[in-house]
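Student: So here's run_21.csv, just CSV, C-alpha atoms:
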chain,number,residue,atom,x,y,z
A,26,MET,CA,36.1,-19.3,24.3
A,27,HIS,CA,37.2,-20.7,21.0
A,28,ASN,CA,35.1,-23.5,19.4
A,29,GLU,CA,38.0,-25.9,19.9
A,30,ASP,CA,37.6,-25.6,23.6
A,31,LEU,CA,33.9,-26.4,23.7
A,32,GLY,CA,32.2,-29.8,24.4
A,33,PHE,CA,29.7,-31.4,22.0
A,34,ASN,CA,26.5,-29.9,23.5
A,35,SER,CA,28.1,-26.4,23.6
A,36,LEU,CA,29.1,-26.7,20.0
A,37,ALA,CA,25.6,-27.9,19.0
A,38,VAL,CA,24.2,-24.7,20.5
A,39,HIS,CA,26.8,-22.2,19.3
A,40,ALA,CA,28.8,-23.5,16.3
A,41,GLY,CA,28.5,-21.9,12.9
A,42,LYS,CA,26.9,-18.6,13.9
A,43,LYS,CA,27.8,-15.8,11.6
A,44,ASP,CA,29.2,-12.5,12.7
A,45,ASP,CA,26.5,-10.3,11.1
A,46,CYS,CA,23.6,-11.3,13.3
A,47,MET,CA,23.5,-8.0,15.2
A,48,ASN,CA,23.9,-9.7,18.6
A,49,SER,CA,20.7,-11.7,18.1
A,50,ALA,CA,20.5,-14.8,20.3
A,51,VAL,CA,18.9,-16.6,17.4
A,52,SER,CA,20.3,-16.2,13.9
A,53,PRO,CA,17.9,-14.7,11.3
A,54,ILE,CA,16.4,-16.5,8.3
A,55,TYR,CA,17.8,-15.1,5.1
A,56,GLN,CA,14.7,-16.0,3.1
A,57,THR,CA,15.9,-14.7,-0.2
A,58,SER,CA,16.7,-16.2,-3.6
A,59,THR,CA,19.3,-13.6,-4.6
A,60,PHE,CA,21.8,-11.2,-3.1
A,61,SER,CA,22.9,-7.8,-4.4
A,62,PHE,CA,26.5,-6.7,-5.1
A,63,ASP,CA,28.2,-3.5,-4.0
A,64,SER,CA,29.5,-2.9,-7.5
A,65,ALA,CA,30.2,-4.7,-10.8
A,66,ASP,CA,33.7,-5.4,-9.6
A,67,HIS,CA,32.3,-6.9,-6.4
A,68,GLY,CA,30.0,-9.1,-8.4
A,69,ALA,CA,32.8,-10.3,-10.6
A,70,LYS,CA,34.9,-11.2,-7.6
A,71,CYS,CA,32.0,-13.2,-6.1
A,72,PHE,CA,31.6,-15.2,-9.3
A,73,SER,CA,35.3,-15.8,-9.6
A,74,GLY,CA,35.6,-16.9,-6.0
A,75,GLU,CA,38.0,-14.1,-5.0
A,76,ASP,CA,35.2,-12.8,-2.6
A,77,LYS,CA,33.2,-15.1,-0.4
A,78,GLY,CA,30.1,-12.9,-0.8
A,79,TYR,CA,26.7,-14.6,-1.5
A,80,ILE,CA,25.3,-14.7,-5.0
A,81,TYR,CA,22.2,-16.9,-5.2
A,82,THR,CA,20.7,-19.2,-2.6
A,83,ARG,CA,21.1,-22.4,-4.8
A,84,ILE,CA,24.8,-21.6,-4.6
A,85,GLY,CA,25.0,-20.5,-0.9
A,86,ASN,CA,23.0,-18.7,1.8
A,87,PRO,CA,24.1,-17.5,5.3
A,88,THR,CA,21.3,-19.5,7.1
A,89,ILE,CA,22.2,-22.6,5.2
A,90,GLY,CA,25.9,-21.9,5.7
A,91,GLU,CA,25.5,-21.7,9.5
A,92,LEU,CA,24.0,-25.2,9.5
A,93,GLU,CA,26.7,-26.6,7.2
A,94,ASP,CA,29.4,-25.2,9.4
A,95,ALA,CA,27.8,-26.4,12.6
A,96,VAL,CA,27.4,-30.0,11.5
A,97,ALA,CA,30.9,-30.1,9.9
A,98,LYS,CA,32.3,-28.9,13.2
A,99,LEU,CA,30.4,-31.7,15.1
A,100,GLU,CA,31.7,-34.3,12.6
A,101,ASN,CA,35.3,-33.0,12.8
A,102,GLY,CA,35.2,-32.4,9.0
A,103,PHE,CA,36.4,-29.9,6.5
A,104,GLY,CA,33.1,-28.6,5.3
A,105,GLY,CA,29.4,-29.4,5.1
A,106,ILE,CA,27.0,-29.5,2.1
A,107,ALA,CA,23.4,-29.1,3.1
A,108,VAL,CA,20.8,-30.5,0.7
A,109,SER,CA,17.0,-30.8,0.4
A,110,SER,CA,16.7,-34.4,1.6
A,111,GLY,CA,18.6,-37.5,2.7
A,112,MET,CA,18.1,-38.9,-0.8
A,113,ALA,CA,19.5,-35.7,-2.3
A,114,ALA,CA,22.6,-36.4,-0.2
A,115,VAL,CA,22.8,-40.0,-1.5
A,116,ASN,CA,22.4,-38.9,-5.1
A,117,THR,CA,25.0,-36.2,-4.8
A,118,VAL,CA,27.5,-38.8,-3.7
A,119,TYR,CA,26.4,-41.3,-6.4
A,120,LEU,CA,26.6,-38.8,-9.1
A,121,THR,CA,30.0,-37.5,-8.0
A,122,TYR,CA,31.8,-40.8,-7.8
A,123,LEU,CA,29.9,-43.1,-10.2
A,124,GLY,CA,29.3,-43.0,-13.9
A,125,MET,CA,29.6,-45.1,-17.1
A,126,GLY,CA,31.7,-48.2,-16.4
A,127,LYS,CA,32.0,-47.5,-12.7
A,128,HIS,CA,31.2,-49.9,-9.9
A,129,LEU,CA,29.8,-49.5,-6.4
A,130,VAL,CA,30.3,-51.8,-3.4
A,131,ALA,CA,27.8,-51.3,-0.6
A,132,HIS,CA,26.3,-52.9,2.4
A,133,ASN,CA,23.4,-55.1,1.5
A,134,SER,CA,21.2,-53.7,4.3
A,135,LEU,CA,20.7,-50.0,3.6
A,136,TYR,CA,17.9,-47.5,3.8
A,137,GLY,CA,15.5,-48.9,1.2
A,138,PRO,CA,15.7,-46.1,-1.5
A,139,SER,CA,19.5,-45.9,-1.2
A,140,ARG,CA,19.7,-49.4,-2.6
A,141,ALA,CA,16.6,-49.4,-4.8
A,142,ILE,CA,17.7,-46.3,-6.8
A,143,MET,CA,21.1,-47.9,-7.4
A,144,GLU,CA,19.5,-51.1,-8.7
A,145,SER,CA,16.6,-49.4,-10.7
A,146,LEU,CA,18.0,-46.1,-12.0
A,147,TYR,CA,21.8,-46.1,-12.2
A,148,PRO,CA,22.2,-49.1,-14.5
A,149,ARG,CA,20.7,-46.9,-17.2
A,150,PHE,CA,23.9,-44.8,-17.0
A,151,GLY,CA,26.2,-47.8,-17.1
A,152,VAL,CA,26.8,-48.1,-13.3
A,153,GLU,CA,27.1,-51.5,-11.7
A,154,SER,CA,26.8,-52.4,-8.0
A,155,THR,CA,27.5,-55.2,-5.6
A,156,PHE,CA,25.8,-55.5,-2.3
A,157,VAL,CA,27.4,-57.6,0.4
A,158,ASP,CA,27.2,-58.2,4.1
A,159,ALA,CA,29.7,-55.4,5.1
A,160,THR,CA,29.7,-56.5,8.8
A,161,ASN,CA,32.4,-58.9,7.5
A,162,ALA,CA,35.1,-56.7,6.0
A,163,GLU,CA,36.4,-59.6,3.9
A,164,ASN,CA,33.1,-59.5,1.8
A,165,VAL,CA,33.9,-55.9,0.9
A,166,GLU,CA,37.4,-56.7,-0.2
A,167,LYS,CA,36.3,-59.7,-2.4
A,168,ALA,CA,33.7,-57.5,-4.1
A,169,ILE,CA,36.1,-54.8,-5.2
A,170,ARG,CA,36.9,-54.7,-9.0
A,171,PRO,CA,39.3,-52.5,-10.9
A,172,GLU,CA,36.4,-50.2,-11.8
A,173,THR,CA,35.1,-49.9,-8.2
A,174,SER,CA,35.0,-46.1,-7.5
A,175,LEU,CA,33.0,-45.9,-4.3
A,176,ILE,CA,32.4,-47.9,-1.1
A,177,TYR,CA,29.1,-47.0,0.5
A,178,LEU,CA,28.3,-48.1,4.1
A,179,GLU,CA,25.5,-47.5,6.6
A,180,THR,CA,26.3,-48.4,10.2
A,181,PRO,CA,24.3,-49.3,12.2
A,182,ALA,CA,22.5,-50.7,9.1
A,183,ASN,CA,18.9,-50.0,8.3
A,184,PRO,CA,16.8,-51.9,9.4
A,185,THR,CA,18.9,-54.8,10.7
A,186,ILE,CA,21.1,-52.8,13.1
A,187,GLY,CA,24.2,-54.6,11.9
A,188,ILE,CA,27.5,-52.8,12.7
A,189,THR,CA,30.3,-52.4,10.2
A,190,ASP,CA,33.9,-51.9,11.3
A,191,ILE,CA,34.6,-48.6,9.6
A,192,GLU,CA,38.4,-48.6,10.2
A,193,ALA,CA,38.7,-52.1,8.7
A,194,ILE,CA,36.8,-51.1,5.6
A,195,VAL,CA,38.8,-47.9,5.3
A,196,ALA,CA,42.1,-49.9,5.5
A,197,ILE,CA,40.9,-52.0,2.5
A,198,ALA,CA,39.7,-49.0,0.6
A,199,ARG,CA,43.1,-47.3,1.0
A,200,LYS,CA,44.9,-50.2,-0.7
A,201,HIS,CA,42.7,-49.6,-3.8
A,202,ASN,CA,42.4,-45.8,-3.6
A,203,ILE,CA,38.6,-45.9,-3.3
A,204,PRO,CA,36.7,-43.3,-1.3
A,205,VAL,CA,34.5,-44.4,1.5
A,206,CYS,CA,31.1,-42.8,2.3
A,207,VAL,CA,29.3,-43.6,5.6
A,208,ASP,CA,25.7,-43.0,6.2
A,209,ASN,CA,25.7,-41.9,9.9
A,210,THR,CA,22.0,-41.2,10.2
A,211,PHE,CA,21.3,-43.8,12.9
A,212,CYS,CA,24.0,-42.5,15.2
A,213,SER,CA,24.4,-38.8,14.4
A,214,PRO,CA,27.8,-37.2,15.2
A,215,TYR,CA,26.8,-37.4,18.9
A,216,LEU,CA,27.4,-41.1,19.0
A,217,GLN,CA,29.7,-41.8,16.1
A,218,LYS,CA,32.3,-39.9,14.0
A,219,PRO,CA,33.1,-41.8,10.8
A,220,LEU,CA,35.6,-39.2,9.6
A,221,ASP,CA,37.7,-39.8,12.7
A,222,LEU,CA,37.7,-43.5,11.8
A,223,GLY,CA,39.1,-42.7,8.4
A,224,ALA,CA,36.0,-42.3,6.2
A,225,ASP,CA,36.2,-39.6,3.4
A,226,ILE,CA,32.5,-38.6,3.5
A,227,VAL,CA,29.8,-38.8,6.1
A,228,LEU,CA,26.1,-38.6,5.1
A,229,HIS,CA,23.0,-37.7,7.1
A,230,SER,CA,19.3,-37.7,6.6
A,231,MET,CA,18.9,-34.7,8.9
A,232,THR,CA,15.2,-35.4,8.8
A,233,LYS,CA,16.0,-37.9,11.6
A,234,PHE,CA,18.0,-37.3,14.8
A,235,ILE,CA,19.7,-34.0,13.8
A,236,ASN,CA,16.5,-32.1,13.4
A,237,GLY,CA,14.6,-34.4,15.7
A,238,HIS,CA,11.1,-33.1,15.5
A,239,ALA,CA,9.6,-34.7,12.4
A,240,ASP,CA,8.8,-31.3,10.8
A,241,ILE,CA,11.3,-31.1,8.0
A,242,VAL,CA,13.1,-33.2,5.3
A,243,ALA,CA,16.8,-32.5,4.9
A,244,GLY,CA,20.2,-34.0,4.2
A,245,MET,CA,23.8,-33.2,4.8
A,246,LEU,CA,27.2,-34.3,3.5
A,247,VAL,CA,30.4,-33.6,5.4
A,248,THR,CA,33.9,-34.3,3.9
A,249,LYS,CA,37.2,-34.9,5.6
A,250,THR,CA,39.2,-32.9,3.1
A,251,LYS,CA,38.9,-29.9,0.8
A,252,GLU,CA,39.5,-32.2,-2.2
A,253,HIS,CA,36.3,-34.2,-1.7
A,254,TYR,CA,34.3,-31.1,-0.7
A,255,ASN,CA,35.3,-29.5,-4.0
A,256,LYS,CA,34.1,-32.6,-5.9
A,257,LEU,CA,30.7,-32.8,-4.2
A,258,ARG,CA,29.7,-29.2,-3.9
A,259,PRO,CA,29.4,-28.4,-7.7
A,260,VAL,CA,27.3,-31.5,-8.2
A,261,MET,CA,24.9,-30.3,-5.5
A,262,VAL,CA,24.7,-26.8,-7.0
A,263,ASN,CA,24.3,-27.9,-10.6
A,264,MET,CA,21.7,-30.5,-9.8
A,265,GLY,CA,19.7,-28.1,-7.8
A,266,PHE,CA,19.7,-30.2,-4.6
A,267,ASN,CA,20.1,-27.2,-2.4
A,268,MET,CA,18.3,-26.7,0.9
A,269,ASP,CA,15.7,-23.9,1.6
A,270,PRO,CA,16.7,-21.3,4.2
A,271,HIS,CA,13.7,-21.8,6.4
A,272,GLN,CA,14.3,-25.6,6.3
A,273,ALA,CA,17.9,-24.9,7.3
A,274,TRP,CA,16.8,-22.6,10.2
A,275,LEU,CA,14.4,-25.3,11.6
A,276,THR,CA,17.1,-27.9,11.3
A,277,ARG,CA,19.7,-25.7,13.0
A,278,ARG,CA,17.2,-25.2,15.9
A,279,GLY,CA,16.7,-28.9,16.3
A,280,LEU,CA,20.5,-29.5,16.2
A,281,LYS,CA,20.8,-27.5,19.4
A,282,THR,CA,19.1,-30.2,21.5
A,283,LEU,CA,20.6,-33.3,19.7
A,284,GLY,CA,22.7,-34.5,22.6
A,285,ILE,CA,20.0,-34.3,25.3
A,286,ARG,CA,17.4,-35.8,23.0
A,287,ILE,CA,19.6,-38.8,22.2
A,288,ASP,CA,20.5,-39.2,25.8
A,289,ARG,CA,16.9,-39.6,26.8
A,290,ALA,CA,15.9,-41.8,23.9
A,291,GLN,CA,19.0,-44.0,24.4
A,292,GLU,CA,18.2,-44.4,28.1
A,293,ASN,CA,14.6,-45.5,27.2
A,294,SER,CA,16.0,-47.8,24.5
A,295,ILE,CA,18.2,-49.8,26.9
A,296,LYS,CA,15.1,-50.5,29.1
A,297,VAL,CA,12.8,-51.3,26.1
A,298,ALA,CA,15.4,-53.7,24.6
A,299,ALA,CA,15.7,-55.5,27.9
A,300,PHE,CA,11.9,-55.9,28.0
A,301,LEU,CA,11.7,-57.2,24.4
A,302,GLU,CA,14.6,-59.6,24.9
A,303,GLN,CA,12.7,-61.6,27.5
A,304,HIS,CA,9.2,-61.4,25.8
A,305,PRO,CA,8.0,-64.9,24.7
A,306,LYS,CA,6.6,-63.6,21.4
A,307,VAL,CA,9.9,-62.0,20.4
A,308,GLU,CA,12.1,-64.6,18.6
A,309,TRP,CA,15.2,-62.4,18.4
A,310,ILE,CA,16.4,-58.8,19.0
A,311,LEU,CA,19.2,-56.7,17.7
A,312,TYR,CA,20.3,-53.7,19.7
A,313,PRO,CA,23.9,-52.6,20.1
A,314,GLY,CA,23.4,-52.2,23.9
A,315,LEU,CA,22.7,-55.9,24.4
A,316,ALA,CA,25.5,-58.3,24.8
A,317,SER,CA,23.6,-60.7,22.5
A,318,HIS,CA,24.3,-58.3,19.5
A,319,PRO,CA,26.8,-60.0,17.2
A,320,GLN,CA,28.9,-56.9,17.0
A,321,TYR,CA,28.5,-55.8,20.6
A,322,GLU,CA,32.2,-55.3,21.3
A,323,LEU,CA,32.7,-53.4,18.0
A,324,GLY,CA,29.8,-51.2,18.8
A,325,LYS,CA,31.3,-50.3,22.2
A,326,ARG,CA,34.6,-49.4,20.5
A,327,GLN,CA,33.2,-47.5,17.5
A,328,MET,CA,30.1,-45.8,19.0
A,329,LYS,CA,29.8,-43.5,22.1
A,330,GLY,CA,26.5,-45.3,23.0
A,331,PRO,CA,24.1,-47.9,21.6
A,332,GLY,CA,21.6,-45.4,20.3
A,333,ALA,CA,17.8,-45.5,20.0
A,334,MET,CA,17.1,-47.9,17.2
A,335,ILE,CA,16.0,-51.5,17.8
A,336,SER,CA,15.1,-54.3,15.4
A,337,PHE,CA,13.4,-57.5,16.6
A,338,GLY,CA,11.7,-60.5,15.1
A,339,LEU,CA,8.3,-61.8,15.9
A,340,ARG,CA,7.3,-65.4,16.2
A,341,GLY,CA,4.6,-65.8,13.5
A,342,GLY,CA,6.4,-63.9,10.7
A,343,PHE,CA,4.7,-61.6,8.3
A,344,GLU,CA,1.1,-61.7,9.7
A,345,ALA,CA,2.5,-61.3,13.3
A,346,GLY,CA,4.3,-58.1,12.2
A,347,LYS,CA,1.1,-56.7,10.6
A,348,ARG,CA,-1.0,-57.5,13.6
A,349,MET,CA,1.4,-55.8,16.0
A,350,MET,CA,1.4,-52.7,13.7
A,351,ASP,CA,-2.4,-52.6,13.8
A,352,HIS,CA,-2.5,-52.5,17.6
A,353,VAL,CA,0.1,-50.0,18.8
A,354,GLN,CA,-1.5,-46.9,20.5
A,355,LEU,CA,1.2,-44.7,21.8
A,356,ALA,CA,3.9,-45.5,19.2
A,357,LEU,CA,3.2,-44.0,15.8
A,358,LEU,CA,2.9,-46.5,13.0
A,359,ALA,CA,5.1,-44.5,10.7
A,360,VAL,CA,8.4,-44.6,8.8
A,361,SER,CA,11.3,-42.4,9.6
A,362,LEU,CA,13.1,-42.2,13.0
A,363,GLY,CA,15.1,-39.9,15.3
A,364,GLY,CA,12.2,-37.7,16.4
A,365,ILE,CA,10.9,-37.2,19.9
A,366,GLU,CA,8.1,-39.6,19.2
A,367,THR,CA,8.4,-43.4,19.3
A,368,LEU,CA,7.9,-44.8,15.8
A,369,ILE,CA,7.4,-48.4,14.7
A,370,GLN,CA,7.2,-50.0,11.3
A,371,HIS,CA,7.3,-53.4,9.6
A,372,PRO,CA,9.9,-53.3,6.8
A,373,ALA,CA,8.7,-56.5,4.9
A,374,SER,CA,5.3,-54.9,4.3
A,375,MET,CA,6.4,-51.3,4.2
A,376,THR,CA,9.8,-49.7,3.5
A,377,HIS,CA,11.5,-52.8,2.0
A,378,SER,CA,8.4,-54.3,0.3
A,379,LYS,CA,9.7,-53.6,-3.2
A,380,LEU,CA,12.9,-55.6,-2.7
A,381,SER,CA,12.8,-59.2,-4.0
A,382,LYS,CA,12.6,-62.0,-1.6
A,383,GLU,CA,16.2,-62.9,-2.4
A,384,ALA,CA,17.4,-59.4,-1.7
A,385,LYS,CA,15.5,-59.2,1.6
A,386,ASP,CA,16.8,-62.6,2.6
A,387,ALA,CA,20.4,-61.6,1.7
A,388,ALA,CA,20.0,-58.4,3.7
A,389,GLY,CA,18.5,-60.2,6.8
A,390,ILE,CA,15.1,-58.5,6.4
A,391,THR,CA,12.9,-61.3,7.6
A,392,ASP,CA,9.1,-61.4,7.4
A,393,GLY,CA,8.7,-60.9,11.1
A,394,LEU,CA,11.3,-58.1,11.5
A,395,VAL,CA,10.0,-55.0,13.3
A,396,ARG,CA,12.0,-51.7,13.4
A,397,LEU,CA,11.4,-49.6,16.5
A,398,ALA,CA,12.7,-46.0,16.8
A,399,VAL,CA,12.4,-45.2,20.5
A,400,GLY,CA,11.4,-41.7,21.5
A,401,ILE,CA,11.6,-39.6,24.6
A,402,GLU,CA,8.2,-40.4,26.2
A,403,ASP,CA,8.1,-42.0,29.6
A,404,VAL,CA,9.6,-45.4,29.2
A,405,ASP,CA,6.9,-47.2,31.2
A,406,ASP,CA,4.4,-45.9,28.7
A,407,ILE,CA,6.4,-47.1,25.8
A,408,ILE,CA,6.8,-50.6,27.3
A,409,ALA,CA,3.1,-50.8,28.2
A,410,ASP,CA,2.1,-50.0,24.7
A,411,LEU,CA,4.4,-52.6,23.2
A,412,ASN,CA,3.2,-55.2,25.7
A,413,GLN,CA,-0.4,-54.6,24.8
A,414,ALA,CA,0.3,-54.7,21.1
A,415,LEU,CA,2.2,-57.9,21.5
A,416,SER,CA,-0.7,-59.5,23.2
A,417,HIS,CA,-2.6,-59.4,19.9
A,418,VAL,CA,0.1,-61.3,18.0
Would you kindly transcribe this structure into structure tokens?
Tutor:
Amino acid sequence: MHNEDLGFNSLAVHAGKKDDCMNSAVSPIYQTSTFSFDSADHGAKCFSGEDKGYIYTRIGNPTIGELEDAVAKLENGFGGIAVSSGMAAVNTVYLTYLGMGKHLVAHNSLYGPSRAIMESLYPRFGVESTFVDATNAENVEKAIRPETSLIYLETPANPTIGITDIEAIVAIARKHNIPVCVDNTFCSPYLQKPLDLGADIVLHSMTKFINGHADIVAGMLVTKTKEHYNKLRPVMVNMGFNMDPHQAWLTRRGLKTLGIRIDRAQENSIKVAAFLEQHPKVEWILYPGLASHPQYELGKRQMKGPGAMISFGLRGGFEAGKRMMDHVQLALLAVSLGGIETLIQHPASMTHSKLSKEAKDAAGITDGLVRLAVGIEDVDDIIADLNQALSHV
């Protein structure tokens, strides 16, 4: 069967495999820094691009290439660019589209370092940025300037779980000829395909759901067109953001079970969210699977399912958040998400603690906000652990 005839889970298992694997069920790890040429002419053709042969792992490697091809296929994209971390992916995008005199418009609730590096480092190179509540598309349009060269979204947002209408933002961006990049880490291509909704670039921290086992750090970019691929790839290569072959092999292995892992975590999340919504010590909850979510209908239209990320607010604020963190037993008090384990964290005292109070308030990161990444454990055990931890608040 051709890949075009396969469903998502079949593609997750089989897509991207090279033809030179000697009928091995599992592709080998090409753990090498360099590759030999058949002749001087062959080497010249590889460097000129006439031959697709491999040269040096920073430039390309068969193990990394399999992962790139597989994720690109799952995202319905032109090509994938695997990098060493999610932040390497973020910086590849920033460095490609931003520079002296350029301007970024981004969602105000992003993965903490994605925003922090833009505000702390990039101004040194003459880059300006505006962060707005992108769940209202009008805010994005009002923030655009003549020098705006990139719109950067994360949906659902981290850690507020706000959902941005990708098609609406893309329509605005097209009027101004501005590329749109969407961080799709919270959903993965299993639940959301931003390129199908008009985005130009999709970004993943593959550390999370795509790998799913909390044993690697990795990132990926997928572009809709060859044009954007050819802009991004040289930046990755020249900055040395490349992935390691063994890292790629582990990520490719994790990708094979992406669909079934998310199905189980999502099933658990629906039940956990229902429990939290009625708990007296929970002031509010945001989960795309609850009708109380402000973008509930958009989520149903844009995403295949509500996912496994929940944010909720505790009565008692900052100290209540810390007390709950100190009393979980099954859930791991840890940053990150998307693994088989349930993880919990308190953004105000942890991931977003470096943001100013004004920035946190603008992004909806309240003192009592708790971010919960639901895993694949037995759901009754997850709920029991949350219940006993809440009893200490």
Student: Would you please work out which residue, of A:Thr173, A:Ser139, A:Asn255, A:Ser134, is nearest to A:Glu153 when using all atoms listed in the file?
Tutor: A:Thr173
Student: Please list as a count of residues only every residue within 10 Å of stretch 273-280 of chain A, counting all atoms listed in the file and excluding residues in the same chain fewer than 2 positions away.
Tutor: 47
Student: Could you check which of A:Met112, A:Ser35, A:Glu322, A:His67 is closest to A:Asn267, using all atoms listed in the file?
Tutor: A:Met112
Student: Go through A:Asn263, A:Asn116, A:Asn183, A:Asn101 and flag the residue nearest A:Asp225, using only C-alpha atoms for the distances.
Tutor: A:Asn101
Student: Using only C-alpha atoms, can you tell me which of A:Val205, A:Ile186, A:Leu220, A:Met125 comes closest to A:Phe103?
Tutor: A:Leu220
Student: Given only C-alpha atoms as the basis, pick out the residue of A:Ala387, A:Cys206, A:Pro331, A:Val227 nearest to A:Ile106.
Tutor: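 Among the listed residues, the smallest separation from A:Ile106 belongs to A:Val227.
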Student: Counting all atoms listed in the file, which residue out of A:Ser213, A:Gly151, A:Ala224, A:Pro181 sits closest to A:Arg199?
Tutor: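 Nearest to A:Arg199: A:Ala224.
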Student: To one decimal place in Å, what is the distance between atom CA of A:Pro138 and atom CA of A:Asn209?
Tutor: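 Those two atoms sit 15.7 Å apart.
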